[in-house]
Amino acid sequence: MGESAYWTKEVRKATSRSPKTGATRRLDRLRGVLRNADPMVADRAWREVGDTLQRITDRHSVRGSAHWTNEIKQADKRSRKEGATKRMDRLRGVLQRVDPVVANRAWREVGDTLQKITERYTR
């Protein structure tokens, strides 16, 4: 379950294109890592990812949307992974409406946090 050269190269290329693309590739990498993990461990990791994405979304969102609140609640009931994916979708929408400099900073933060989580669960 170690870090592969393929993913290192993919994440580096994606991050050089944009912080958003880099964060998305890191999430893809984490999906692959957690696919083979124990379900309890994976659930804990997805909860951590979901909490991080929610915190960043709350920081940049003016107000909550009832639609997204219900979507995320339903997704969380199905699985933590699906809830984290919905939160990522919500974050994409929120960061489209803010200043690009602020959005890039937020995407870098998401990418860095996802990288730390991935490193923690690849050991």
# chains A, B, ... in the order shown; residues from 1 in each chain; ligands from 1
call {"tool": "residues_around", "arguments": {"residues": "segment 73-77 of chain A", "least_positions_apart": "3", "cutoff": "12 Å", "atoms": "only C-alpha atoms", "output": "JSON, numbers by chain"}}
result
{"A": [43, 46, 47, 50, 51, 66, 67, 68, 69, 70, 80, 81, 82, 83, 84, 85, 86, 87, 89]}
call {"tool": "write_last_selection", "arguments": {"atoms": "N, CA, C and O atoms", "output": "PDB file, in the first residue's frame"}}
result
ATOM      1  N   ASP A  43     -13.814   4.207   6.923  1.00  0.00           N
ATOM      2  CA  ASP A  43     -14.891   5.061   7.407  1.00  0.00           C
ATOM      3  C   ASP A  43     -14.341   6.231   8.213  1.00  0.00           C
ATOM      4  O   ASP A  43     -14.770   7.375   8.042  1.00  0.00           O
ATOM      5  N   TRP A  46     -12.748   8.681   5.727  1.00  0.00           N
ATOM      6  CA  TRP A  46     -13.741   9.458   4.975  1.00  0.00           C
ATOM      7  C   TRP A  46     -14.441  10.474   5.868  1.00  0.00           C
ATOM      8  O   TRP A  46     -14.796  11.562   5.416  1.00  0.00           O
ATOM      9  N   ARG A  47     -14.619  10.138   7.137  1.00  0.00           N
ATOM     10  CA  ARG A  47     -15.204  11.108   8.070  1.00  0.00           C
ATOM     11  C   ARG A  47     -14.268  12.313   8.204  1.00  0.00           C
ATOM     12  O   ARG A  47     -14.712  13.457   8.209  1.00  0.00           O
ATOM     13  N   GLY A  50     -14.497  14.348   5.020  1.00  0.00           N
ATOM     14  CA  GLY A  50     -15.761  15.083   5.017  1.00  0.00           C
ATOM     15  C   GLY A  50     -15.744  16.277   5.952  1.00  0.00           C
ATOM     16  O   GLY A  50     -16.213  17.361   5.592  1.00  0.00           O
ATOM     17  N   ASP A  51     -15.191  16.101   7.140  1.00  0.00           N
ATOM     18  CA  ASP A  51     -15.105  17.207   8.100  1.00  0.00           C
ATOM     19  C   ASP A  51     -14.233  18.337   7.564  1.00  0.00           C
ATOM     20  O   ASP A  51     -14.569  19.516   7.700  1.00  0.00           O
ATOM     21  N   ALA A  66     -30.480  24.664   1.345  1.00  0.00           N
ATOM     22  CA  ALA A  66     -31.275  23.535   1.831  1.00  0.00           C
ATOM     23  C   ALA A  66     -31.062  22.316   0.929  1.00  0.00           C
ATOM     24  O   ALA A  66     -31.011  21.186   1.406  1.00  0.00           O
ATOM     25  N   HIS A  67     -30.921  22.557  -0.357  1.00  0.00           N
ATOM     26  CA  HIS A  67     -30.687  21.458  -1.291  1.00  0.00           C
ATOM     27  C   HIS A  67     -29.414  20.696  -0.920  1.00  0.00           C
ATOM     28  O   HIS A  67     -29.427  19.471  -0.803  1.00  0.00           O
ATOM     29  N   TRP A  68     -28.313  21.427  -0.739  1.00  0.00           N
ATOM     30  CA  TRP A  68     -27.044  20.768  -0.434  1.00  0.00           C
ATOM     31  C   TRP A  68     -27.057  20.126   0.944  1.00  0.00           C
ATOM     32  O   TRP A  68     -26.484  19.053   1.150  1.00  0.00           O
ATOM     33  N   THR A  69     -27.723  20.751   1.884  1.00  0.00           N
ATOM     34  CA  THR A  69     -27.814  20.180   3.226  1.00  0.00           C
ATOM     35  C   THR A  69     -28.498  18.817   3.168  1.00  0.00           C
ATOM     36  O   THR A  69     -28.009  17.834   3.739  1.00  0.00           O
ATOM     37  N   ASN A  70     -29.613  18.748   2.450  1.00  0.00           N
ATOM     38  CA  ASN A  70     -30.334  17.477   2.334  1.00  0.00           C
ATOM     39  C   ASN A  70     -29.533  16.447   1.540  1.00  0.00           C
ATOM     40  O   ASN A  70     -29.500  15.267   1.906  1.00  0.00           O
ATOM     41  N   ARG A  80     -19.914   7.239   4.309  1.00  0.00           N
ATOM     42  CA  ARG A  80     -19.054   8.406   4.565  1.00  0.00           C
ATOM     43  C   ARG A  80     -18.367   8.845   3.273  1.00  0.00           C
ATOM     44  O   ARG A  80     -18.160  10.024   3.036  1.00  0.00           O
ATOM     45  N   LYS A  81     -17.991   7.872   2.449  1.00  0.00           N
ATOM     46  CA  LYS A  81     -17.316   8.174   1.187  1.00  0.00           C
ATOM     47  C   LYS A  81     -18.224   9.008   0.291  1.00  0.00           C
ATOM     48  O   LYS A  81     -17.799  10.004  -0.289  1.00  0.00           O
ATOM     49  N   GLU A  82     -19.471   8.604   0.188  1.00  0.00           N
ATOM     50  CA  GLU A  82     -20.414   9.349  -0.645  1.00  0.00           C
ATOM     51  C   GLU A  82     -20.661  10.747  -0.073  1.00  0.00           C
ATOM     52  O   GLU A  82     -20.789  11.723  -0.814  1.00  0.00           O
ATOM     53  N   GLY A  83     -20.710  10.857   1.254  1.00  0.00           N
ATOM     54  CA  GLY A  83     -20.864  12.164   1.888  1.00  0.00           C
ATOM     55  C   GLY A  83     -19.691  13.074   1.590  1.00  0.00           C
ATOM     56  O   GLY A  83     -19.856  14.263   1.306  1.00  0.00           O
ATOM     57  N   ALA A  84     -18.477  12.521   1.635  1.00  0.00           N
ATOM     58  CA  ALA A  84     -17.286  13.320   1.324  1.00  0.00           C
ATOM     59  C   ALA A  84     -17.303  13.759  -0.136  1.00  0.00           C
ATOM     60  O   ALA A  84     -16.923  14.894  -0.461  1.00  0.00           O
ATOM     61  N   THR A  85     -17.769  12.883  -1.023  1.00  0.00           N
ATOM     62  CA  THR A  85     -17.851  13.234  -2.447  1.00  0.00           C
ATOM     63  C   THR A  85     -18.850  14.366  -2.664  1.00  0.00           C
ATOM     64  O   THR A  85     -18.583  15.303  -3.429  1.00  0.00           O
ATOM     65  N   LYS A  86     -19.987  14.314  -1.986  1.00  0.00           N
ATOM     66  CA  LYS A  86     -20.987  15.392  -2.098  1.00  0.00           C
ATOM     67  C   LYS A  86     -20.428  16.702  -1.546  1.00  0.00           C
ATOM     68  O   LYS A  86     -20.687  17.778  -2.096  1.00  0.00           O
ATOM     69  N   ARG A  87     -19.670  16.620  -0.458  1.00  0.00           N
ATOM     70  CA  ARG A  87     -19.066  17.834   0.099  1.00  0.00           C
ATOM     71  C   ARG A  87     -18.059  18.438  -0.880  1.00  0.00           C
ATOM     72  O   ARG A  87     -17.942  19.654  -0.990  1.00  0.00           O
ATOM     73  N   ASP A  89     -18.281  18.216  -4.144  1.00  0.00           N
ATOM     74  CA  ASP A  89     -19.111  18.859  -5.159  1.00  0.00           C
ATOM     75  C   ASP A  89     -19.603  20.219  -4.672  1.00  0.00           C
ATOM     76  O   ASP A  89     -19.597  21.200  -5.422  1.00  0.00           O
TER      77      ASP A  89
END
call {"tool": "closest_residue", "arguments": {"among": "A:Trp107, A:Thr122, A:Leu114, A:Arg78", "to": "Ser18 of chain A", "atoms": "only C-alpha atoms"}}
result
A:Trp107
call {"tool": "select_by_dssp", "arguments": {"residues": "segment 34-98 of chain A", "states": "alpha helix (DSSP H)", "output": "PyMOL selection string"}}
result
chain A and resi 34-35+39-60+66-78+80-96
call {"tool": "atom_distance", "arguments": {"atom1": "atom CA of Tyr121 of chain A", "atom2": "atom CA of Val94 of chain A"}}
result
28.3 Å
call {"tool": "closest_atom_pairs", "arguments": {"of": "segment 19-73 of chain A", "to": "segment 96-105 of chain A", "cutoff": "9 Å", "atoms": "only C-alpha atoms", "output": "tab-separated table"}}
result
residue	atom	partner	partner_atom	distance
A:Pro19	CA	A:Asn104	CA	5.9
A:Lys20	CA	A:Asn104	CA	7.1
A:His60	CA	A:Val98	CA	7.7
A:Ser61	CA	A:Val98	CA	8.9
call {"tool": "closest_residue", "arguments": {"among": "A:Arg120, A:Arg44, A:Arg90, A:Arg31", "to": "Asp58 of chain A", "atoms": "only C-alpha atoms"}}
result
A:Arg90
call {"tool": "closest_residue", "arguments": {"among": "A:Ile72, A:Leu53, A:Ala42, A:Val33", "to": "Ser4 of chain A", "atoms": "only C-alpha atoms"}}
result
A:Val33
call {"tool": "closest_residue", "arguments": {"among": "A:Val41, A:Val62, A:Val49, A:Ile56", "to": "Lys116 of chain A", "atoms": "only C-alpha atoms"}}
result
A:Val49
call {"tool": "atom_distance", "arguments": {"atom1": "atom CA of Thr118 of chain A", "atom2": "atom CA of Arg29 of chain A"}}
result
7.6 Å
call {"tool": "atom_distance", "arguments": {"atom1": "atom CA of Glu109 of chain A", "atom2": "atom CA of Thr52 of chain A"}}
result
9.5 Å
